[in-house]
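Everything on this sheet refers to the single structure shown next.
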Number of protein chains: 2
Amino acid sequence: MLTFCGQDRCLMDGNGRIKLGQHWLDDFAAACDGEIVLHCLPEGAVALYPEAVYGEMRRRELEEVERAASSFVARRSMRRFGALAASERITRQGRITIPPAFREYAALEPGSEVCIIGVEIGVEIWNAERYRTEMMTIQSHLLRKGEEEMTADLTPEREER
Amino acid sequence: MLTFCGQDRCLMDGNGRIKLGQHWLDDFAAACDGEIVLHCLPEGAVALYPEAVYGEMRRRELEEVERAASSFVARRSMRRFGALAASERITRQGRITIPPAFREYAALEPGSEVCIIGVEIGVEIWNAERYRTEMMTIQSHLLRKGEEEMTADLTPEREER
DNA sequence: GTTGAAAATGGAAAAAAATGGATTATTTTG
DNA sequence: CAAAATAATCCATTTTTTTCCATTTTCAAC
């Protein structure tokens, strides 16, 4: 059985809360007992990861920063991850509250329709319009890649110099 | 559970005091029992670190300075950290007072709105407008990185030389 | 040293916001 | 078409935030 796959649409209520569908709840219950991390992605959406998943991501990132470390870079990395991540718990009735700053970041208006997108390791909450654009970006990128693949198949392989 | 993560907005009162939200208070209580160090960052904000965290940062910085030591560099490092750091204690009702000189440094007007930003090892107090600019800097840097990643994905892999 | 003014501090009350639950409406399924 | 399940709205309660006030402390002048 696939976990964290599929997509939903639902309304964010007047207080910035989202009710997750039953299958998401099951996935989160299995993965982390409801302890999740909200994280704002550069793409302009809010990701919901099981705590352990986020911890692993963050660990890798930290290694990278240390390699490149100057104090400005290090502070900015911590600032971004600190400011744009938060622990939360799914409530007994399957709701999570998106903090006001995160709502603003991801253009999630209370009362508006949002997309809940499974991303295999968690879910993402998208502004509906932004999500449409994102999917078009992915699609056209793939098509372009396909074209290049076909071209490469025509061109005989040779040593690069 | 993540510590020192998330962000808040609140008003600095007429006497230059800030009320920290409950989750920050819990984090500080766990880390240092309320004994904190205020420190002005080059970015133009005031950081609040648990005493031990600041001590460790300072120790590392000093080692670095000594390795490169000329007396000018060493004196200036000590001058900067001496002048721009101060011990304080969170009051029983969860408030801290920002000293006037630090307020001026970070453009924190009494009566104005400030941002409280989690940075994983402590929090930072920002002038709201400055924070917006800082986050835009970080965001556009990341977006540029993303674009380059996507371009690289299109270009067929080849040996680097 | 004493008195007065100003500022800082601590606390409490009022206002606002967030939370949890329950009811109502809608959709889905048999 | 009916029943069940799901989703959305509403409301009461609790918590948090903000404002205000009283007390203490500090500094300065007499």
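Ordering of the structure tokens sets the chain letters (A, B, ...), residue numbers begin anew at 1 in every chain, and ligands are numbered from 1 in the order given.
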
Using only C-alpha atoms (C1' of nucleotides), I'd like a table of the residues in chain A that come within 9 Å of chain D; for each, show the closest atom pair and its distance in Å rounded to one decimal, ordered by chain and ascending number, as a tab-separated table.
residue	atom	partner	partner_atom	distance
A:Cys10	CA	D:DA7	C1'	8.3
A:Leu11	CA	D:DA8	C1'	8.0
A:Asp13	CA	D:DA8	C1'	8.0
A:Lys19	CA	D:DA7	C1'	8.3
A:Gly21	CA	D:DT6	C1'	8.5

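For Glu113 in chain A, the residues within 8 Å (counting only C-alpha atoms (C1' of nucleotides), excluding itself and residues fewer than 2 positions away along the chain) are Arg9, Cys10, Leu11, Met12, Gly111, Cys115, Asn127 and Ala128 of chain A.
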
Restricting it to C-alpha atoms, dump the selection as an mmCIF file, in the first residue's frame.
data_model
loop_
_atom_site.group_PDB
_atom_site.id
_atom_site.type_symbol
_atom_site.label_atom_id
_atom_site.label_comp_id
_atom_site.auth_asym_id
_atom_site.auth_seq_id
_atom_site.Cartn_x
_atom_site.Cartn_y
_atom_site.Cartn_z
ATOM 1 C CA ARG A 9 -8.808 19.659 -2.065
ATOM 2 C CA CYS A 10 -10.412 21.145 1.008
ATOM 3 C CA LEU A 11 -11.295 24.425 2.641
ATOM 4 C CA MET A 12 -9.142 26.111 5.228
ATOM 5 C CA GLY A 111 -11.783 30.335 4.015
ATOM 6 C CA CYS A 115 -4.650 21.489 -2.240
ATOM 7 C CA ASN A 127 -2.574 27.464 -2.617
ATOM 8 C CA ALA A 128 -4.752 26.076 -5.428
#

Any chance you could dump chain A, least-squares fitted to chain B on all C-alpha atoms in order, as a short mmCIF file (atom, residue, chain, number, x, y, z; two decimals) with N, CA and C atoms, in the first residue's frame?
data_model
loop_
_atom_site.label_atom_id
_atom_site.label_comp_id
_atom_site.auth_asym_id
_atom_site.auth_seq_id
_atom_site.Cartn_x
_atom_site.Cartn_y
_atom_site.Cartn_z
N MET A 1 8.88 17.08 20.15
CA MET A 1 8.40 18.47 20.13
C MET A 1 9.52 19.43 19.72
N LEU A 2 9.23 20.31 18.82
CA LEU A 2 10.24 21.25 18.34
C LEU A 2 10.48 22.35 19.36
N THR A 3 11.73 22.72 19.53
CA THR A 3 12.02 23.85 20.43
C THR A 3 12.47 25.05 19.61
N PHE A 4 12.14 26.22 20.13
CA PHE A 4 12.49 27.49 19.51
C PHE A 4 12.08 27.54 18.04
N CYS A 5 10.85 27.13 17.76
CA CYS A 5 10.34 27.21 16.40
C CYS A 5 9.05 28.02 16.38
N GLY A 6 8.75 28.57 15.22
CA GLY A 6 7.57 29.40 15.06
C GLY A 6 7.91 30.87 15.12
N GLN A 7 6.87 31.70 15.03
CA GLN A 7 7.10 33.14 15.10
C GLN A 7 5.92 33.85 15.74
N ASP A 8 6.21 35.02 16.30
CA ASP A 8 5.21 35.85 16.98
C ASP A 8 5.39 37.29 16.58
N ARG A 9 4.35 38.05 16.81
CA ARG A 9 4.51 39.49 16.76
C ARG A 9 4.04 40.02 18.11
N CYS A 10 4.70 41.05 18.61
CA CYS A 10 4.20 41.68 19.82
C CYS A 10 4.72 43.11 19.90
N LEU A 11 4.21 43.84 20.86
CA LEU A 11 4.62 45.23 21.02
C LEU A 11 5.71 45.35 22.06
N MET A 12 6.72 46.13 21.73
CA MET A 12 7.73 46.50 22.72
C MET A 12 7.13 47.64 23.55
N ASP A 13 7.17 47.51 24.86
CA ASP A 13 6.53 48.55 25.69
C ASP A 13 7.38 49.82 25.75
N GLY A 14 6.85 50.81 26.43
CA GLY A 14 7.48 52.13 26.47
C GLY A 14 8.89 52.13 27.05
N ASN A 15 9.22 51.09 27.83
CA ASN A 15 10.54 51.02 28.44
C ASN A 15 11.48 50.04 27.74
N GLY A 16 11.12 49.65 26.52
CA GLY A 16 11.99 48.75 25.77
C GLY A 16 11.94 47.31 26.23
N ARG A 17 10.81 46.91 26.76
CA ARG A 17 10.67 45.53 27.22
C ARG A 17 9.78 44.73 26.30
N ILE A 18 10.04 43.41 26.26
CA ILE A 18 9.23 42.52 25.44
C ILE A 18 8.72 41.37 26.31
N LYS A 19 7.46 41.08 26.15
CA LYS A 19 6.87 39.93 26.84
C LYS A 19 6.93 38.73 25.91
N LEU A 20 7.61 37.68 26.35
CA LEU A 20 7.71 36.48 25.52
C LEU A 20 6.49 35.60 25.73
N GLY A 21 6.04 34.99 24.64
CA GLY A 21 4.91 34.07 24.74
C GLY A 21 5.26 32.84 25.55
N GLN A 22 4.21 32.14 25.98
CA GLN A 22 4.40 31.02 26.90
C GLN A 22 5.32 29.94 26.32
N HIS A 23 5.17 29.62 25.04
CA HIS A 23 5.98 28.52 24.50
C HIS A 23 7.45 28.86 24.46
N TRP A 24 7.80 30.14 24.21
CA TRP A 24 9.21 30.54 24.28
C TRP A 24 9.71 30.39 25.71
N LEU A 25 8.87 30.83 26.63
CA LEU A 25 9.28 30.75 28.04
C LEU A 25 9.57 29.32 28.43
N ASP A 26 8.71 28.43 27.99
CA ASP A 26 8.93 27.01 28.28
C ASP A 26 10.26 26.54 27.69
N ASP A 27 10.52 26.93 26.45
CA ASP A 27 11.77 26.51 25.80
C ASP A 27 12.99 27.04 26.56
N PHE A 28 12.93 28.30 26.96
CA PHE A 28 14.07 28.87 27.69
C PHE A 28 14.21 28.25 29.07
N ALA A 29 13.09 28.01 29.71
CA ALA A 29 13.14 27.39 31.03
C ALA A 29 13.82 26.02 30.94
N ALA A 30 13.47 25.28 29.89
CA ALA A 30 14.06 23.95 29.73
C ALA A 30 15.55 24.03 29.39
N ALA A 31 15.91 25.03 28.59
CA ALA A 31 17.28 25.08 28.06
C ALA A 31 18.27 25.68 29.05
N CYS A 32 17.83 26.67 29.82
CA CYS A 32 18.84 27.44 30.58
C CYS A 32 18.28 28.11 31.82
N ASP A 33 17.08 27.76 32.21
CA ASP A 33 16.53 28.31 33.45
C ASP A 33 16.42 29.83 33.43
N GLY A 34 16.26 30.39 32.24
CA GLY A 34 16.05 31.83 32.13
C GLY A 34 17.29 32.68 31.98
N GLU A 35 18.49 32.06 32.11
CA GLU A 35 19.73 32.81 31.93
C GLU A 35 20.07 32.87 30.46
N ILE A 36 19.92 34.03 29.87
CA ILE A 36 20.12 34.12 28.43
C ILE A 36 21.17 35.16 28.08
N VAL A 37 21.59 35.12 26.82
CA VAL A 37 22.52 36.12 26.29
C VAL A 37 21.86 36.81 25.11
N LEU A 38 21.88 38.13 25.14
CA LEU A 38 21.41 38.92 24.01
C LEU A 38 22.61 39.21 23.12
N HIS A 39 22.42 39.07 21.83
CA HIS A 39 23.55 39.32 20.93
C HIS A 39 23.08 39.95 19.64
N CYS A 40 23.69 41.07 19.27
CA CYS A 40 23.31 41.78 18.05
C CYS A 40 23.95 41.10 16.85
N LEU A 41 23.13 40.70 15.90
CA LEU A 41 23.62 40.04 14.70
C LEU A 41 23.94 41.05 13.61
N PRO A 42 24.89 40.72 12.74
CA PRO A 42 25.23 41.62 11.63
C PRO A 42 24.01 41.93 10.76
N GLU A 43 23.07 41.00 10.68
CA GLU A 43 21.86 41.20 9.87
C GLU A 43 20.97 42.31 10.43
N GLY A 44 21.26 42.78 11.65
CA GLY A 44 20.48 43.87 12.20
C GLY A 44 19.32 43.43 13.06
N ALA A 45 19.48 42.34 13.77
CA ALA A 45 18.47 41.88 14.73
C ALA A 45 19.18 41.51 16.03
N VAL A 46 18.40 41.32 17.08
CA VAL A 46 18.96 40.91 18.36
C VAL A 46 18.59 39.45 18.60
N ALA A 47 19.59 38.62 18.81
CA ALA A 47 19.33 37.21 19.10
C ALA A 47 19.31 36.97 20.60
N LEU A 48 18.44 36.06 21.02
CA LEU A 48 18.39 35.62 22.42
C LEU A 48 18.77 34.14 22.45
N TYR A 49 19.92 33.85 23.04
CA TYR A 49 20.36 32.47 23.12
C TYR A 49 20.46 32.03 24.58
N PRO A 50 20.21 30.76 24.84
CA PRO A 50 20.58 30.23 26.14
C PRO A 50 22.08 30.44 26.34
N GLU A 51 22.47 30.68 27.55
CA GLU A 51 23.86 31.05 27.82
C GLU A 51 24.85 30.03 27.25
N ALA A 52 24.55 28.77 27.41
CA ALA A 52 25.47 27.72 26.95
C ALA A 52 25.63 27.77 25.43
N VAL A 53 24.55 28.05 24.73
CA VAL A 53 24.60 28.13 23.27
C VAL A 53 25.53 29.25 22.84
N TYR A 54 25.38 30.39 23.48
CA TYR A 54 26.25 31.51 23.13
C TYR A 54 27.71 31.19 23.44
N GLY A 55 27.94 30.60 24.59
CA GLY A 55 29.30 30.25 24.98
C GLY A 55 29.98 29.39 23.94
N GLU A 56 29.25 28.44 23.41
CA GLU A 56 29.82 27.54 22.39
C GLU A 56 30.13 28.31 21.11
N MET A 57 29.21 29.16 20.68
CA MET A 57 29.42 29.97 19.49
C MET A 57 30.67 30.83 19.63
N ARG A 58 30.80 31.42 20.80
CA ARG A 58 31.90 32.35 21.04
C ARG A 58 33.24 31.61 21.06
N ARG A 59 33.22 30.41 21.60
CA ARG A 59 34.44 29.62 21.66
C ARG A 59 34.97 29.33 20.26
N ARG A 60 34.05 28.95 19.38
CA ARG A 60 34.45 28.65 17.99
C ARG A 60 35.02 29.88 17.31
N GLU A 61 34.35 30.99 17.51
CA GLU A 61 34.79 32.24 16.89
C GLU A 61 36.20 32.59 17.35
N LEU A 62 36.45 32.42 18.64
CA LEU A 62 37.75 32.77 19.20
C LEU A 62 38.86 31.96 18.55
N GLU A 63 38.60 30.68 18.32
CA GLU A 63 39.58 29.84 17.65
C GLU A 63 39.93 30.42 16.30
N GLU A 64 38.90 30.82 15.58
CA GLU A 64 39.10 31.37 14.25
C GLU A 64 39.96 32.63 14.29
N VAL A 65 39.65 33.49 15.24
CA VAL A 65 40.39 34.74 15.38
C VAL A 65 41.85 34.46 15.67
N GLU A 66 42.09 33.48 16.52
CA GLU A 66 43.47 33.18 16.89
C GLU A 66 44.28 32.75 15.68
N ARG A 67 43.62 32.04 14.80
CA ARG A 67 44.31 31.62 13.58
C ARG A 67 44.76 32.85 12.80
N ALA A 68 43.89 33.85 12.71
CA ALA A 68 44.16 35.03 11.89
C ALA A 68 44.79 36.16 12.70
N ALA A 69 45.23 35.85 13.92
CA ALA A 69 45.42 36.94 14.89
C ALA A 69 46.53 37.93 14.57
N SER A 70 46.14 39.17 14.49
CA SER A 70 47.02 40.30 14.76
C SER A 70 46.30 41.04 15.85
N SER A 71 46.94 41.97 16.52
CA SER A 71 46.24 42.56 17.67
C SER A 71 45.04 43.41 17.25
N PHE A 72 45.11 44.05 16.10
CA PHE A 72 43.94 44.83 15.67
C PHE A 72 42.75 43.92 15.44
N VAL A 73 42.98 42.84 14.74
CA VAL A 73 41.88 41.91 14.46
C VAL A 73 41.33 41.32 15.75
N ALA A 74 42.21 40.91 16.63
CA ALA A 74 41.78 40.31 17.88
C ALA A 74 40.98 41.31 18.71
N ARG A 75 41.50 42.52 18.81
CA ARG A 75 40.78 43.53 19.60
C ARG A 75 39.43 43.82 19.00
N ARG A 76 39.37 43.86 17.66
CA ARG A 76 38.07 44.17 17.04
C ARG A 76 37.07 43.06 17.25
N SER A 77 37.53 41.84 17.25
CA SER A 77 36.62 40.74 17.50
C SER A 77 36.08 40.81 18.93
N MET A 78 36.97 41.06 19.86
CA MET A 78 36.51 41.17 21.25
C MET A 78 35.62 42.39 21.44
N ARG A 79 35.92 43.42 20.72
CA ARG A 79 35.10 44.63 20.83
C ARG A 79 33.69 44.36 20.33
N ARG A 80 33.63 43.69 19.18
CA ARG A 80 32.30 43.43 18.65
C ARG A 80 31.49 42.53 19.57
N PHE A 81 32.11 41.45 20.02
CA PHE A 81 31.37 40.52 20.87
C PHE A 81 31.13 41.08 22.25
N GLY A 82 32.07 41.84 22.74
CA GLY A 82 31.87 42.46 24.05
C GLY A 82 30.77 43.49 24.00
N ALA A 83 30.87 44.38 23.03
CA ALA A 83 29.92 45.49 22.97
C ALA A 83 28.52 45.03 22.62
N LEU A 84 28.43 44.00 21.80
CA LEU A 84 27.13 43.62 21.25
C LEU A 84 26.58 42.33 21.85
N ALA A 85 27.00 42.03 23.06
CA ALA A 85 26.44 40.88 23.76
C ALA A 85 26.20 41.28 25.22
N ALA A 86 25.20 40.71 25.83
CA ALA A 86 24.93 41.01 27.24
C ALA A 86 24.14 39.88 27.88
N SER A 87 24.49 39.58 29.11
CA SER A 87 23.74 38.58 29.86
C SER A 87 22.46 39.20 30.39
N GLU A 88 21.42 38.42 30.39
CA GLU A 88 20.21 38.88 31.06
C GLU A 88 19.44 37.69 31.60
N ARG A 89 18.41 38.03 32.32
CA ARG A 89 17.58 37.00 32.92
C ARG A 89 16.13 37.33 32.58
N ILE A 90 15.37 36.35 32.22
CA ILE A 90 13.96 36.57 31.96
C ILE A 90 13.26 36.79 33.30
N THR A 91 12.47 37.85 33.40
CA THR A 91 11.86 38.18 34.69
C THR A 91 10.73 37.21 35.02
N ARG A 92 10.26 37.32 36.26
CA ARG A 92 9.24 36.40 36.73
C ARG A 92 7.96 36.50 35.91
N GLN A 93 7.71 37.67 35.33
CA GLN A 93 6.51 37.76 34.48
C GLN A 93 6.83 37.61 32.99
N GLY A 94 7.97 36.97 32.70
CA GLY A 94 8.27 36.59 31.33
C GLY A 94 8.69 37.73 30.42
N ARG A 95 9.27 38.77 30.99
CA ARG A 95 9.70 39.89 30.17
C ARG A 95 11.21 39.97 30.11
N ILE A 96 11.73 40.50 29.01
CA ILE A 96 13.14 40.86 28.96
C ILE A 96 13.27 42.29 28.44
N THR A 97 14.26 42.98 28.98
CA THR A 97 14.53 44.35 28.57
C THR A 97 15.65 44.35 27.55
N ILE A 98 15.42 44.99 26.42
CA ILE A 98 16.49 45.14 25.43
C ILE A 98 17.24 46.44 25.76
N PRO A 99 18.54 46.37 25.99
CA PRO A 99 19.30 47.58 26.33
C PRO A 99 19.19 48.62 25.22
N PRO A 100 19.18 49.89 25.58
CA PRO A 100 19.00 50.97 24.61
C PRO A 100 19.91 50.86 23.39
N ALA A 101 21.18 50.55 23.60
CA ALA A 101 22.11 50.48 22.47
C ALA A 101 21.71 49.36 21.51
N PHE A 102 21.20 48.27 22.05
CA PHE A 102 20.79 47.14 21.20
C PHE A 102 19.51 47.48 20.44
N ARG A 103 18.62 48.22 21.12
CA ARG A 103 17.39 48.65 20.45
C ARG A 103 17.73 49.49 19.24
N GLU A 104 18.67 50.39 19.44
CA GLU A 104 19.05 51.28 18.35
C GLU A 104 19.66 50.47 17.22
N TYR A 105 20.52 49.55 17.59
CA TYR A 105 21.20 48.71 16.59
C TYR A 105 20.19 47.97 15.72
N ALA A 106 19.15 47.44 16.35
CA ALA A 106 18.21 46.59 15.63
C ALA A 106 16.95 47.35 15.21
N ALA A 107 16.95 48.67 15.37
CA ALA A 107 15.81 49.51 15.00
C ALA A 107 14.53 49.05 15.69
N LEU A 108 14.63 48.79 16.98
CA LEU A 108 13.46 48.39 17.76
C LEU A 108 12.99 49.57 18.60
N GLU A 109 11.97 50.24 18.11
CA GLU A 109 11.44 51.42 18.80
C GLU A 109 10.53 50.99 19.95
N PRO A 110 10.70 51.62 21.12
CA PRO A 110 9.71 51.38 22.17
C PRO A 110 8.33 51.75 21.66
N GLY A 111 7.35 50.90 21.89
CA GLY A 111 5.99 51.15 21.43
C GLY A 111 5.70 50.58 20.05
N SER A 112 6.72 50.06 19.37
CA SER A 112 6.49 49.55 18.02
C SER A 112 6.32 48.04 18.02
N GLU A 113 5.85 47.53 16.91
CA GLU A 113 5.64 46.10 16.78
C GLU A 113 6.94 45.42 16.37
N VAL A 114 7.25 44.32 17.03
CA VAL A 114 8.46 43.57 16.69
C VAL A 114 8.10 42.12 16.39
N CYS A 115 8.98 41.46 15.65
CA CYS A 115 8.79 40.04 15.34
C CYS A 115 9.71 39.20 16.21
N ILE A 116 9.17 38.14 16.73
CA ILE A 116 9.96 37.19 17.51
C ILE A 116 10.03 35.91 16.71
N ILE A 117 11.23 35.56 16.29
CA ILE A 117 11.41 34.49 15.31
C ILE A 117 12.19 33.34 15.94
N GLY A 118 11.62 32.17 15.94
CA GLY A 118 12.34 31.00 16.43
C GLY A 118 13.43 30.61 15.46
N VAL A 119 14.64 30.33 15.97
CA VAL A 119 15.74 29.95 15.09
C VAL A 119 16.39 28.64 15.57
N GLU A 120 15.56 27.79 16.13
CA GLU A 120 15.95 26.44 16.54
C GLU A 120 16.86 26.35 17.75
N ILE A 121 17.85 27.27 17.84
CA ILE A 121 18.73 27.27 19.01
C ILE A 121 18.43 28.44 19.95
N GLY A 122 17.47 29.27 19.57
CA GLY A 122 17.13 30.46 20.35
C GLY A 122 16.07 31.24 19.58
N VAL A 123 15.91 32.51 19.91
CA VAL A 123 14.97 33.33 19.13
C VAL A 123 15.66 34.62 18.71
N GLU A 124 15.10 35.25 17.70
CA GLU A 124 15.60 36.54 17.26
C GLU A 124 14.48 37.58 17.34
N ILE A 125 14.87 38.79 17.75
CA ILE A 125 13.92 39.90 17.79
C ILE A 125 14.21 40.80 16.60
N TRP A 126 13.21 40.99 15.77
CA TRP A 126 13.39 41.78 14.54
C TRP A 126 12.45 42.97 14.51
N ASN A 127 12.96 44.04 13.97
CA ASN A 127 12.10 45.11 13.48
C ASN A 127 11.23 44.51 12.38
N ALA A 128 9.92 44.79 12.41
CA ALA A 128 8.99 44.11 11.52
C ALA A 128 9.35 44.30 10.03
N GLU A 129 9.69 45.50 9.68
CA GLU A 129 9.99 45.79 8.28
C GLU A 129 11.27 45.09 7.82
N ARG A 130 12.27 45.15 8.70
CA ARG A 130 13.54 44.48 8.37
C ARG A 130 13.34 42.99 8.20
N TYR A 131 12.47 42.44 9.00
CA TYR A 131 12.25 41.00 8.93
C TYR A 131 11.64 40.62 7.58
N ARG A 132 10.70 41.43 7.13
CA ARG A 132 10.07 41.19 5.84
C ARG A 132 11.14 41.16 4.73
N THR A 133 12.02 42.15 4.75
CA THR A 133 13.10 42.21 3.77
C THR A 133 14.00 40.98 3.85
N GLU A 134 14.34 40.62 5.08
CA GLU A 134 15.23 39.46 5.28
C GLU A 134 14.63 38.20 4.69
N MET A 135 13.33 38.01 4.91
CA MET A 135 12.69 36.81 4.40
C MET A 135 12.65 36.79 2.88
N MET A 136 12.49 37.98 2.29
CA MET A 136 12.52 38.05 0.84
C MET A 136 13.91 37.70 0.31
N THR A 137 14.94 38.16 1.01
CA THR A 137 16.31 37.83 0.61
C THR A 137 16.52 36.32 0.63
N ILE A 138 16.08 35.70 1.72
CA ILE A 138 16.24 34.25 1.85
C ILE A 138 15.50 33.53 0.73
N GLN A 139 14.28 33.97 0.50
CA GLN A 139 13.44 33.32 -0.51
C GLN A 139 14.06 33.40 -1.91
N SER A 140 14.52 34.60 -2.27
CA SER A 140 15.04 34.74 -3.64
C SER A 140 16.38 34.02 -3.79
N HIS A 141 17.11 33.97 -2.70
CA HIS A 141 18.37 33.21 -2.74
C HIS A 141 18.07 31.73 -3.02
N LEU A 142 17.07 31.22 -2.34
CA LEU A 142 16.72 29.81 -2.50
C LEU A 142 16.22 29.51 -3.91
N LEU A 143 15.40 30.44 -4.43
CA LEU A 143 14.87 30.22 -5.77
C LEU A 143 16.00 30.19 -6.80
N ARG A 144 16.95 31.10 -6.60
CA ARG A 144 18.07 31.17 -7.53
C ARG A 144 18.90 29.89 -7.44
N LYS A 145 19.06 29.43 -6.24
CA LYS A 145 19.81 28.19 -6.04
C LYS A 145 19.09 27.03 -6.74
N GLY A 146 17.78 27.04 -6.65
CA GLY A 146 16.99 26.01 -7.31
C GLY A 146 17.20 26.01 -8.82
N GLU A 147 17.20 27.20 -9.39
CA GLU A 147 17.41 27.31 -10.83
C GLU A 147 18.76 26.71 -11.22
N GLU A 148 19.76 27.03 -10.43
CA GLU A 148 21.10 26.54 -10.75
C GLU A 148 21.17 25.03 -10.61
N GLU A 149 20.41 24.53 -9.67
CA GLU A 149 20.37 23.08 -9.47
C GLU A 149 19.79 22.41 -10.71
N MET A 150 18.71 23.00 -11.22
CA MET A 150 18.06 22.44 -12.40
C MET A 150 19.00 22.50 -13.61
N THR A 151 19.69 23.62 -13.74
CA THR A 151 20.64 23.77 -14.85
C THR A 151 21.74 22.71 -14.76
N ALA A 152 22.25 22.56 -13.54
CA ALA A 152 23.33 21.58 -13.35
C ALA A 152 22.86 20.18 -13.69
N ASP A 153 21.57 19.93 -13.46
CA ASP A 153 21.02 18.61 -13.74
C ASP A 153 20.98 18.33 -15.24
N LEU A 154 20.86 19.42 -16.00
CA LEU A 154 20.87 19.27 -17.46
C LEU A 154 22.27 19.02 -18.00
N THR A 155 23.24 19.74 -17.45
CA THR A 155 24.61 19.67 -17.93
C THR A 155 25.25 18.36 -17.47
N PRO A 156 25.82 17.59 -18.44
CA PRO A 156 26.48 16.35 -18.02
C PRO A 156 27.68 16.67 -17.14
N GLU A 157 27.85 15.87 -16.10
CA GLU A 157 29.00 16.08 -15.21
C GLU A 157 30.28 15.82 -15.94
N ARG A 158 31.27 16.60 -15.69
CA ARG A 158 32.58 16.31 -16.28
C ARG A 158 33.68 16.78 -15.36
N GLU A 159 34.88 16.27 -15.62
CA GLU A 159 36.04 16.66 -14.81
C GLU A 159 36.31 18.15 -14.97
N GLU A 160 36.54 18.80 -13.86
CA GLU A 160 36.93 20.22 -13.91
C GLU A 160 38.42 20.31 -14.20
N ARG A 161 38.80 21.33 -14.91
CA ARG A 161 40.25 21.55 -15.03
C ARG A 161 40.60 23.02 -15.00
#

Kindly assemble as CSV a list of the chain C residues that lie within 12 Å of chain B, each paired with its nearest atom pair and their distance in Å to one decimal, using only C-alpha atoms (C1' of nucleotides), sorted first by chain and then by ascending residue number.
residue,atom,partner,partner_atom,distance
C:DA7,C1',B:Asn15,CA,9.0
C:DA8,C1',B:Asn15,CA,7.8
C:DT9,C1',B:Thr91,CA,9.9
C:DG10,C1',B:Gln93,CA,8.5
C:DG11,C1',B:Gln93,CA,8.8
C:DA12,C1',B:Gln93,CA,11.5

Extract the full set of alpha helix (DSSP H) residues from range 16-161 of chain A according to DSSP on the backbone, and format it as a tab-separated table (two decimals) with C-alpha atoms, in the first residue's frame.
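Okay, this is what ended up in result-v3.tsv:
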chain	number	residue	atom	x	y	z
A	22	GLN	CA	-8.81	9.81	6.74
A	23	HIS	CA	-6.08	8.22	4.59
A	24	TRP	CA	-3.60	10.99	5.45
A	25	LEU	CA	-4.44	10.57	9.10
A	26	ASP	CA	-3.77	6.86	8.84
A	27	ASP	CA	-0.42	7.52	7.16
A	28	PHE	CA	0.63	10.02	9.83
A	29	ALA	CA	-0.57	7.80	12.63
A	30	ALA	CA	1.56	4.97	11.27
A	31	ALA	CA	4.61	7.13	10.64
A	32	CYS	CA	4.83	9.33	13.72
A	51	GLU	CA	9.11	14.49	12.78
A	52	ALA	CA	11.75	11.87	12.02
A	53	VAL	CA	11.66	12.68	8.31
A	54	TYR	CA	12.27	16.33	8.97
A	55	GLY	CA	15.05	15.57	11.41
A	56	GLU	CA	16.89	13.56	8.79
A	57	MET	CA	16.49	16.28	6.15
A	58	ARG	CA	17.78	18.89	8.54
A	59	ARG	CA	20.77	16.81	9.52
A	60	ARG	CA	21.88	16.53	5.91
A	61	GLU	CA	21.43	20.22	5.32
A	62	LEU	CA	23.53	21.06	8.37
A	63	GLU	CA	26.41	18.98	7.07
A	64	GLU	CA	26.30	20.91	3.84
A	65	VAL	CA	26.29	24.25	5.61
A	66	GLU	CA	29.26	23.27	7.71
A	67	ARG	CA	31.23	22.56	4.60
A	71	SER	CA	29.01	32.76	10.18
A	72	PHE	CA	26.68	34.70	7.89
A	73	VAL	CA	25.86	31.61	5.88
A	74	ALA	CA	25.44	29.47	8.96
A	75	ARG	CA	23.21	32.00	10.68
A	76	ARG	CA	21.08	32.38	7.58
A	77	SER	CA	20.60	28.66	7.28
A	78	MET	CA	19.53	28.41	10.89
A	79	ARG	CA	17.33	31.43	10.47
A	80	ARG	CA	15.55	29.97	7.51
A	81	PHE	CA	15.00	26.58	9.09
A	82	GLY	CA	14.20	28.00	12.48
A	83	ALA	CA	11.77	30.60	11.24
A	100	PRO	CA	-0.33	32.84	10.49
A	101	ALA	CA	3.19	33.51	9.21
A	102	PHE	CA	3.20	30.22	7.30
A	103	ARG	CA	-0.23	30.94	5.83
A	104	GLU	CA	1.05	34.22	4.53
A	105	TYR	CA	4.18	32.60	3.15
A	128	ALA	CA	-4.75	26.08	-5.43
A	129	GLU	CA	-3.56	28.48	-8.09
A	130	ARG	CA	0.09	28.10	-7.20
A	131	TYR	CA	-0.25	24.36	-7.37
A	132	ARG	CA	-1.63	24.54	-10.89
A	133	THR	CA	1.38	26.61	-11.97
A	134	GLU	CA	3.80	24.26	-10.24
A	135	MET	CA	2.38	21.25	-12.03
A	136	MET	CA	2.68	23.01	-15.36
A	137	THR	CA	6.33	23.78	-14.60
A	138	ILE	CA	6.99	20.13	-13.81
A	139	GLN	CA	5.17	18.96	-16.91
A	140	SER	CA	6.98	21.25	-19.33
A	141	HIS	CA	10.31	20.46	-17.75
A	142	LEU	CA	9.68	16.77	-18.31
A	143	LEU	CA	8.58	17.27	-21.89
A	144	ARG	CA	11.69	19.26	-22.63
A	145	LYS	CA	13.82	16.60	-21.06
A	146	GLY	CA	12.09	14.04	-23.25
A	147	GLU	CA	12.92	15.99	-26.37
A	148	GLU	CA	16.56	16.15	-25.40
A	149	GLU	CA	16.57	12.46	-24.73
A	150	MET	CA	15.26	11.77	-28.22
A	151	THR	CA	17.85	14.11	-29.74
A	152	ALA	CA	20.63	12.43	-27.82
A	153	ASP	CA	19.41	9.09	-29.11
A	154	LEU	CA	19.92	10.32	-32.65

For the structure I just gave you, how does DSSP split range 4-161 of chain A - specifically, which residues are strand (DSSP E or B)? Reply as a ChimeraX atom specification.
/A:7-11,17-19,35-40,46-50,85-89,95-97,113-118,123-127
